[in-house]
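**Q** First the structure, then my questions, so here it is.
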Amino acid sequence: MHTGGEPLRIITAGLPEIPGKTVLERRRFFRDNLDHIRTGLMWEPRGHADMYGVVLTPPDTPDGDFGAFFLHNEGYSTMCGHAILALAKYAVEREMVKKPGNSPEILIDVPAGRIRARAFVENGKVVRASFLNVPSFVYLQGDRIELKPYGEIPFDIAYGGAFYAFVKAEDFGLEMVPLNSRNFIELGMKIKRTVADRCQVKHPFEEDLGFLYGTIFTGPAKNPQHHSRNVCIFAEGELDRSATGSGVSARAALHFAKGEIKPGEKIVIESILGTTMEVEVAATASFGPYPAVIPKVTGQAWFTGTHEFIFEENDPLQKGFLMR
């Protein structure tokens with residue numbers, strides 16, 4: 001599938017048993033014992049440096065519909081909005097979740113917590129989906145890093161299911177278009193490493209979730225009816241083709257903290273491709289010591305194909321490789 005251009009490979013069959021009582025426990029087991037499956041499916045020759053995947057699991061909770069954890073070129077993410085939007089469509093159209101009505105709610109347990117998704121159905125097809133994210137909050141606001149040759153660069157850190165460093169694309173003289181993708185990848189990774197060296201990122205409750213996941217560049221929208229555009233560089237230099245569901249959730253927390261949006265005010269954010277996600281502050285909350293918001297994110301996903309992958313025993317490249 002893809003959401004706004006960002007791929008999602010849903011593993012539907014063929015995995016060995018993944019023991020654990022929670023999604024986080026199953027993710028740890030997969031990471032420690034089955035990581036060759038991640039690299040084999042995400043990396044070349046079966047994938048590529050920007051592939052993204054998801055493993056479906058039983059839910060953590062009695063009322064949950066299913067659980068999920070997420071795969072990418074570097075390892076495992078804590079939350080993924082573009083995947084949730086695609087999974088809502090997948091679950092309804094493939095009848096993995098059978099619920100009445102034209103806007104069924106789908107309860108998904110992910111490493112970051114409970115996600116409440118909703119699929120909007122017309123003539124048997126899911127035409128869009130939305131989700132209420134985990135509490136999202138500002139972790140650090142108004143700090144600066146020294147970045148040669150640009151000098152002092154201001155940045156914020158916010159959490160939307162994953163932690164991101166936010167910078168302005170204009171500080172680097174970069175237009176947010178595909179032509180500049182290589183520049184964004186190189187700069188995004190440099191910023192991520194520099195900020196991570198400067199700031200220790202800690203999740204209020206889960207040690208496994210406490211790390212800086214990526215860098216998000218923000219700037220003006222191409223469409224004057226939209227709020228803005230952003231480019232997200234995450235994991236080991238992956239460039240998100242979509243507007244980034246967890247990223248726009250973190251942005252909602254930032255804009256709310258700065259008094260730039262009000263509860264219920266919807267803003268449309270563009271990706272590097274011009275595809276969009278809509279986000280609003282659905283409610284306010286607290287999360288440990290942090291004032292937080294509950295973001296509502298809306299977007300569209302599409303099917304791209306059904307695949308069967310084979311790992312021959314004598315294949316010297318079973319575990320895959322990365323090459324850009």
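Letters A, B, ... go to the chains of the structure tokens in the order shown; residues in each chain start at 1; ligands are counted from 1 in the same order.
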Do a neighbour search on Val138 (chain A) at 7 Å with only C-alpha atoms, toss out local chain neighbours closer than 4 positions, and write the hits as a ChimeraX atom specification.
**A** /A:157-159,253-254
**Q** How about saving the chosen residues, N, CA and C atoms kept, as a compact mmCIF listing (two decimals), in the first residue's frame?
**A**
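File again.txt, as written:
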# COMPACT_ATOMS: atom_id res chain seq x y z
N ILE A 157 11.91 20.30 19.68
CA ILE A 157 11.67 18.86 19.69
C ILE A 157 10.25 18.63 20.18
N ALA A 158 9.50 17.83 19.44
CA ALA A 158 8.13 17.50 19.84
C ALA A 158 7.87 16.02 19.56
N TYR A 159 6.89 15.50 20.26
CA TYR A 159 6.55 14.07 20.20
C TYR A 159 5.14 13.90 19.67
N ALA A 253 0.99 19.67 18.31
CA ALA A 253 1.37 20.01 19.68
C ALA A 253 2.20 21.29 19.71
N LEU A 254 3.12 21.44 18.76
CA LEU A 254 3.95 22.64 18.71
C LEU A 254 3.14 23.89 18.41
**Q** Enumerate as a count of residues only all residues of region 219-278 of chain A assigned to helix (DSSP H, G or I) by DSSP on the backbone, naming them with the chain letters and numbers the document uses.
**A** 13
**Q** For a test of reading the model, state the distance in Å between CA of Leu317 (chain A) and CA of Arg46 (chain A), rounded to one decimal.
**A**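 Atom-to-atom, CA of Leu317 (chain A) to CA of Arg46 (chain A), that is 10.1 Å.
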**Q** Near Leu24 (chain A), counting only C-alpha atoms, which residues have an atom at most 9 Å away, once you skip same-chain residues fewer than 5 positions from it, shown as number ranges by chain?
**A** A: 29, 69, 110-112, 208
**Q** Taking N, CA and C atoms for each residue, export the selection above as a compact mmCIF listing (two decimals), in the first residue's frame.
**A**
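The resulting file, again.txt, is shown below:
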# COMPACT_ATOMS: atom_id res chain seq x y z
N PHE A 29 11.23 -9.26 20.81
CA PHE A 29 11.58 -10.61 20.36
C PHE A 29 11.94 -10.60 18.89
N PHE A 69 3.45 -3.46 14.89
CA PHE A 69 4.70 -2.72 15.07
C PHE A 69 5.35 -2.54 13.71
N VAL A 110 -0.26 -0.19 19.36
CA VAL A 110 1.07 -0.03 18.77
C VAL A 110 2.06 0.21 19.91
N PRO A 111 3.37 0.18 19.64
CA PRO A 111 4.33 0.40 20.73
C PRO A 111 4.10 1.67 21.55
N ALA A 112 3.62 2.73 20.90
CA ALA A 112 3.39 4.00 21.61
C ALA A 112 2.09 4.01 22.41
N ASP A 208 12.11 2.23 25.88
CA ASP A 208 12.26 1.85 24.47
C ASP A 208 11.81 2.94 23.50
**Q** Between A:Leu179, A:Ile11, A:Ile269, A:Leu212, which one has atoms that come closest to Ile233 (chain A), using only C-alpha atoms?
**A**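 Residue with the minimum atom-to-atom distance to Ile233 (chain A): A:Leu212.
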**Q** Quick one: pick out all strand (DSSP E or B) residues within region 22-261 of chain A from a backbone DSSP run and write them as a PyMOL selection string.
**A** chain A and resi 44+53-57+66-71+76-77+105-110+113-122+125-132+136-147+151-159+163-168+212-219+228-234+238-239
**Q** Find the spatial neighbours of Gly67 (chain A), counting only C-alpha atoms, within a cut-off of 9 Å - ignore same-chain residues fewer than 6 positions away - and output them as a list in words.
**A** Thr22, Val23, Val55, Leu56, Thr57, Pro58, Pro59, Asp60, Leu107, Ile108, Asp109, Val110 and Pro111 of chain A
**Q** Choose the residue, out of A:Pro135, A:Pro149, A:Gly210, A:Gly305, that has the smallest atom-to-atom separation from Ala292 (chain A); count only C-alpha atoms.
**A**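 That would be A:Pro135, the residue with the smallest distance to Ala292 (chain A).
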